[in-house]
Amino acid sequence: MDKKENISLNFNYQVAVDSKNGMVVGQYLTQNATDSKELFEMLHEIKIQIGINPKVLVADNGYMDDNVIKYAYDNNIRLIIPDRNESSKNKSKNREKPYHKVNFTYDWKTDSFICPMGKYLNYKNNRKLNGELMRVYTTNKCKTCPVKNQCTKSRVREIFEPANDLRWKMKADYKSPEGKIYYKKRANLNEAHFGLLRNARNFQKLNRNGMKNAEKELTLAHNIQKIHEKLNATLI
């Protein structure tokens, strides 16, 4: 079923665009409904197409996967991906809840979270949650807090974060000044590419049968246009 709730044969289009020239450097179609296992395949596709790994790869939270994170850092690829908490900040329904986790600020210097009332939730211990090892942050100030009942129904408020060193490295990369610049570029690359296909080129459906033929249909015209733009810029 597609986004318009029509039942039909659909593909999940995966695409990587380089930030310098706006050209498609990796793309393929899949019938997987979600993106969570696609980033490893995309890294493989990029290396086939351009012969090297990218220095920096930007993606949204839907591509988060611990195996890919390890592969990326093992191969000196800097990942700029927001964690679940950062991604949730963009949802207005969460911002409207004053004591939602997204409204707790992480302090790198003290390795603690600061609640909306200004109290620090310090690291306490590691604990397994749904089979995943998590870092637990809490405070002893909840008992006297005037908004405790709005914040938590438990005895104290706890914040859980994955106890994975590489995830913390990725979190730091995303929050860094360079990471913020990289992530802002994403909207002008991949998202703009999809918008260009749908609107400027009125591309609403595939005409060729089979994944490989359809992939050529999606990308060939885009890259030719980008080459044409570069040639014209050189001649002027």
# chains A, B, ... in the order shown; residues from 1 in each chain; ligands from 1

$ closest_atom_pairs --of "segment 35-137 of chain A" --to "segment 169-181 of chain A" --cutoff "9 Å" --atoms "only C-alpha atoms" --output "Markdown table"
| residue | atom | partner | partner_atom | distance |
| --- | --- | --- | --- | --- |
| A:Val58 | CA | A:Gly179 | CA | 8.9 |
| A:Ile69 | CA | A:Met170 | CA | 8.2 |
| A:Arg78 | CA | A:Asp173 | CA | 7.7 |
| A:Leu79 | CA | A:Met170 | CA | 6.2 |
| A:Ile80 | CA | A:Tyr174 | CA | 5.0 |
| A:Ile81 | CA | A:Tyr174 | CA | 6.2 |
| A:Pro82 | CA | A:Tyr174 | CA | 6.2 |
| A:Asp83 | CA | A:Lys171 | CA | 6.7 |
| A:Trp108 | CA | A:Ala172 | CA | 8.8 |

$ write_last_selection --atoms "all heavy atoms" --output "PDB file, in the first residue's frame"
ATOM      1  N   VAL A  58      25.515  11.402   5.511  1.00  0.00           N
ATOM      2  CA  VAL A  58      24.416  12.004   6.264  1.00  0.00           C
ATOM      3  C   VAL A  58      23.132  11.243   5.964  1.00  0.00           C
ATOM      4  O   VAL A  58      22.811  10.981   4.808  1.00  0.00           O
ATOM      5  CB  VAL A  58      24.237  13.493   5.888  1.00  0.00           C
ATOM      6  CG1 VAL A  58      23.139  14.135   6.739  1.00  0.00           C
ATOM      7  CG2 VAL A  58      25.546  14.250   6.055  1.00  0.00           C
ATOM      8  N   ILE A  69      26.888   1.280  11.820  1.00  0.00           N
ATOM      9  CA  ILE A  69      27.688   2.254  12.559  1.00  0.00           C
ATOM     10  C   ILE A  69      29.102   1.725  12.768  1.00  0.00           C
ATOM     11  O   ILE A  69      30.085   2.438  12.550  1.00  0.00           O
ATOM     12  CB  ILE A  69      27.022   2.567  13.919  1.00  0.00           C
ATOM     13  CG1 ILE A  69      25.672   3.266  13.705  1.00  0.00           C
ATOM     14  CG2 ILE A  69      27.931   3.449  14.770  1.00  0.00           C
ATOM     15  CD1 ILE A  69      24.855   3.430  14.959  1.00  0.00           C
ATOM     16  N   ARG A  78      32.622   9.142   8.534  1.00  0.00           N
ATOM     17  CA  ARG A  78      31.989   9.904   9.605  1.00  0.00           C
ATOM     18  C   ARG A  78      30.482   9.932   9.374  1.00  0.00           C
ATOM     19  O   ARG A  78      30.004  10.411   8.339  1.00  0.00           O
ATOM     20  CB  ARG A  78      32.540  11.325   9.636  1.00  0.00           C
ATOM     21  CG  ARG A  78      32.073  12.148  10.829  1.00  0.00           C
ATOM     22  CD  ARG A  78      32.696  13.529  10.788  1.00  0.00           C
ATOM     23  NE  ARG A  78      32.324  14.318  11.956  1.00  0.00           N
ATOM     24  CZ  ARG A  78      32.642  15.598  12.115  1.00  0.00           C
ATOM     25  NH1 ARG A  78      33.363  16.211  11.182  1.00  0.00           N
ATOM     26  NH2 ARG A  78      32.260  16.247  13.193  1.00  0.00           N
ATOM     27  N   LEU A  79      29.723   9.434  10.332  1.00  0.00           N
ATOM     28  CA  LEU A  79      28.264   9.377  10.200  1.00  0.00           C
ATOM     29  C   LEU A  79      27.614  10.575  10.886  1.00  0.00           C
ATOM     30  O   LEU A  79      27.918  10.887  12.039  1.00  0.00           O
ATOM     31  CB  LEU A  79      27.720   8.096  10.841  1.00  0.00           C
ATOM     32  CG  LEU A  79      27.992   6.774  10.125  1.00  0.00           C
ATOM     33  CD1 LEU A  79      27.381   5.632  10.933  1.00  0.00           C
ATOM     34  CD2 LEU A  79      27.420   6.777   8.717  1.00  0.00           C
ATOM     35  N   ILE A  80      26.727  11.233  10.154  1.00  0.00           N
ATOM     36  CA  ILE A  80      25.938  12.319  10.717  1.00  0.00           C
ATOM     37  C   ILE A  80      24.480  11.863  10.694  1.00  0.00           C
ATOM     38  O   ILE A  80      23.764  12.028   9.699  1.00  0.00           O
ATOM     39  CB  ILE A  80      26.119  13.629   9.926  1.00  0.00           C
ATOM     40  CG1 ILE A  80      27.601  13.969   9.767  1.00  0.00           C
ATOM     41  CG2 ILE A  80      25.362  14.766  10.601  1.00  0.00           C
ATOM     42  CD1 ILE A  80      28.334  14.231  11.067  1.00  0.00           C
ATOM     43  N   ILE A  81      24.063  11.234  11.766  1.00  0.00           N
ATOM     44  CA  ILE A  81      22.710  10.705  11.880  1.00  0.00           C
ATOM     45  C   ILE A  81      22.152  11.090  13.251  1.00  0.00           C
ATOM     46  O   ILE A  81      22.791  10.819  14.265  1.00  0.00           O
ATOM     47  CB  ILE A  81      22.688   9.166  11.748  1.00  0.00           C
ATOM     48  CG1 ILE A  81      23.280   8.726  10.403  1.00  0.00           C
ATOM     49  CG2 ILE A  81      21.263   8.632  11.884  1.00  0.00           C
ATOM     50  CD1 ILE A  81      23.347   7.214  10.235  1.00  0.00           C
ATOM     51  N   PRO A  82      21.001  11.715  13.316  1.00  0.00           N
ATOM     52  CA  PRO A  82      20.428  12.044  14.622  1.00  0.00           C
ATOM     53  C   PRO A  82      19.948  10.784  15.330  1.00  0.00           C
ATOM     54  O   PRO A  82      19.422   9.865  14.687  1.00  0.00           O
ATOM     55  CB  PRO A  82      19.256  12.966  14.268  1.00  0.00           C
ATOM     56  CG  PRO A  82      18.858  12.545  12.894  1.00  0.00           C
ATOM     57  CD  PRO A  82      20.131  12.150  12.209  1.00  0.00           C
ATOM     58  N   ASP A  83      20.137  10.725  16.655  1.00  0.00           N
ATOM     59  CA  ASP A  83      19.608   9.588  17.386  1.00  0.00           C
ATOM     60  C   ASP A  83      18.095   9.751  17.542  1.00  0.00           C
ATOM     61  O   ASP A  83      17.512  10.743  17.091  1.00  0.00           O
ATOM     62  CB  ASP A  83      20.308   9.406  18.726  1.00  0.00           C
ATOM     63  CG  ASP A  83      20.123  10.597  19.664  1.00  0.00           C
ATOM     64  OD1 ASP A  83      19.183  11.385  19.466  1.00  0.00           O
ATOM     65  OD2 ASP A  83      20.923  10.744  20.599  1.00  0.00           O
ATOM     66  N   TRP A 108      27.317  17.586  27.882  1.00  0.00           N
ATOM     67  CA  TRP A 108      28.483  16.761  27.582  1.00  0.00           C
ATOM     68  C   TRP A 108      29.542  16.847  28.674  1.00  0.00           C
ATOM     69  O   TRP A 108      30.249  15.878  28.962  1.00  0.00           O
ATOM     70  CB  TRP A 108      29.091  17.191  26.238  1.00  0.00           C
ATOM     71  CG  TRP A 108      28.270  16.779  25.072  1.00  0.00           C
ATOM     72  CD1 TRP A 108      27.351  17.535  24.404  1.00  0.00           C
ATOM     73  CD2 TRP A 108      28.272  15.503  24.432  1.00  0.00           C
ATOM     74  NE1 TRP A 108      26.777  16.806  23.392  1.00  0.00           N
ATOM     75  CE2 TRP A 108      27.328  15.555  23.382  1.00  0.00           C
ATOM     76  CE3 TRP A 108      28.972  14.312  24.647  1.00  0.00           C
ATOM     77  CZ2 TRP A 108      27.076  14.481  22.549  1.00  0.00           C
ATOM     78  CZ3 TRP A 108      28.727  13.236  23.812  1.00  0.00           C
ATOM     79  CH2 TRP A 108      27.792  13.319  22.776  1.00  0.00           C
TER      80      TRP A 108
END

$ select_by_dssp --residues "segment 38-208 of chain A" --states "strand (DSSP E or B)" --output "PyMOL selection string"
chain A and resi 56-58+78-80+105-107+112-114+120-129+132-138+158-162

$ closest_residue --among "A:Asn12, A:Asn85, A:Ser112, A:Thr105" --to "Asn32 of chain A" --atoms "only C-alpha atoms"
A:Asn12

$ atom_distance --atom1 "atom CA of Lys119 of chain A" --atom2 "atom CA of Asn164 of chain A"
25.1 Å

$ select_by_dssp --residues "segment 19-215 of chain A" --states "helix (DSSP H, G or I)" --output "PyMOL selection string"
chain A and resi 39-50+61-63+66-74+84-88+92-95+101-103+142-144+148-151+165-175+177-186+190-200+211-215

$ residues_around --residues "Thr34 of chain A" --least-positions-apart "3" --cutoff "12 Å" --atoms "only C-alpha atoms" --output "VMD selection string"
chain A and resid 11 to 14 30 to 31 37 to 39 61 to 64

$ write_last_selection --atoms "N, CA and C atoms" --output "CSV table (one decimal), in the first residue's frame"
chain,number,residue,atom,x,y,z
A,11,PHE,N,8.1,0.3,-5.1
A,11,PHE,CA,9.5,0.1,-4.8
A,11,PHE,C,9.9,1.2,-3.8
A,12,ASN,N,10.9,0.8,-2.9
A,12,ASN,CA,11.5,1.8,-2.0
A,12,ASN,C,12.8,2.3,-2.7
A,13,TYR,N,12.8,3.6,-3.1
A,13,TYR,CA,13.9,4.2,-3.8
A,13,TYR,C,14.9,4.7,-2.9
A,14,GLN,N,16.1,4.2,-2.9
A,14,GLN,CA,17.3,4.6,-2.1
A,14,GLN,C,18.2,5.4,-3.0
A,30,THR,N,14.5,-1.2,-3.9
A,30,THR,CA,14.3,-2.3,-3.1
A,30,THR,C,12.8,-2.5,-2.7
A,31,GLN,N,12.4,-3.7,-2.4
A,31,GLN,CA,11.0,-3.9,-2.0
A,31,GLN,C,10.9,-3.9,-0.4
A,37,LYS,N,17.7,-1.3,7.3
A,37,LYS,CA,18.8,-2.2,6.8
A,37,LYS,C,19.4,-1.7,5.5
A,38,GLU,N,19.1,-0.5,5.1
A,38,GLU,CA,19.5,-0.1,3.7
A,38,GLU,C,20.8,0.6,3.7
A,39,LEU,N,21.3,1.1,4.8
A,39,LEU,CA,22.5,2.0,4.7
A,39,LEU,C,23.8,1.2,4.3
A,61,ASN,N,17.2,9.3,11.0
A,61,ASN,CA,17.2,8.3,12.0
A,61,ASN,C,16.7,6.9,11.6
A,62,GLY,N,15.9,6.9,10.5
A,62,GLY,CA,15.3,5.7,10.0
A,62,GLY,C,16.4,4.7,9.6
A,63,TYR,N,17.6,5.2,9.3
A,63,TYR,CA,18.7,4.3,8.8
A,63,TYR,C,19.6,3.8,10.0
A,64,MET,N,19.3,4.1,11.2
A,64,MET,CA,20.1,3.7,12.3
A,64,MET,C,20.2,2.2,12.5

$ atom_distance --atom1 "atom CA of Glu96 of chain A" --atom2 "atom CA of Ser154 of chain A"
21.3 Å

$ residues_around --residues "Asn140 of chain A" --least-positions-apart "5" --cutoff "12 Å" --atoms "only C-alpha atoms" --output "PyMOL selection string"
chain A and resi 119-124+145+148+155-158

$ atom_distance --atom1 "atom CA of Lys185 of chain A" --atom2 "atom CA of Gly51 of chain A"
23.3 Å
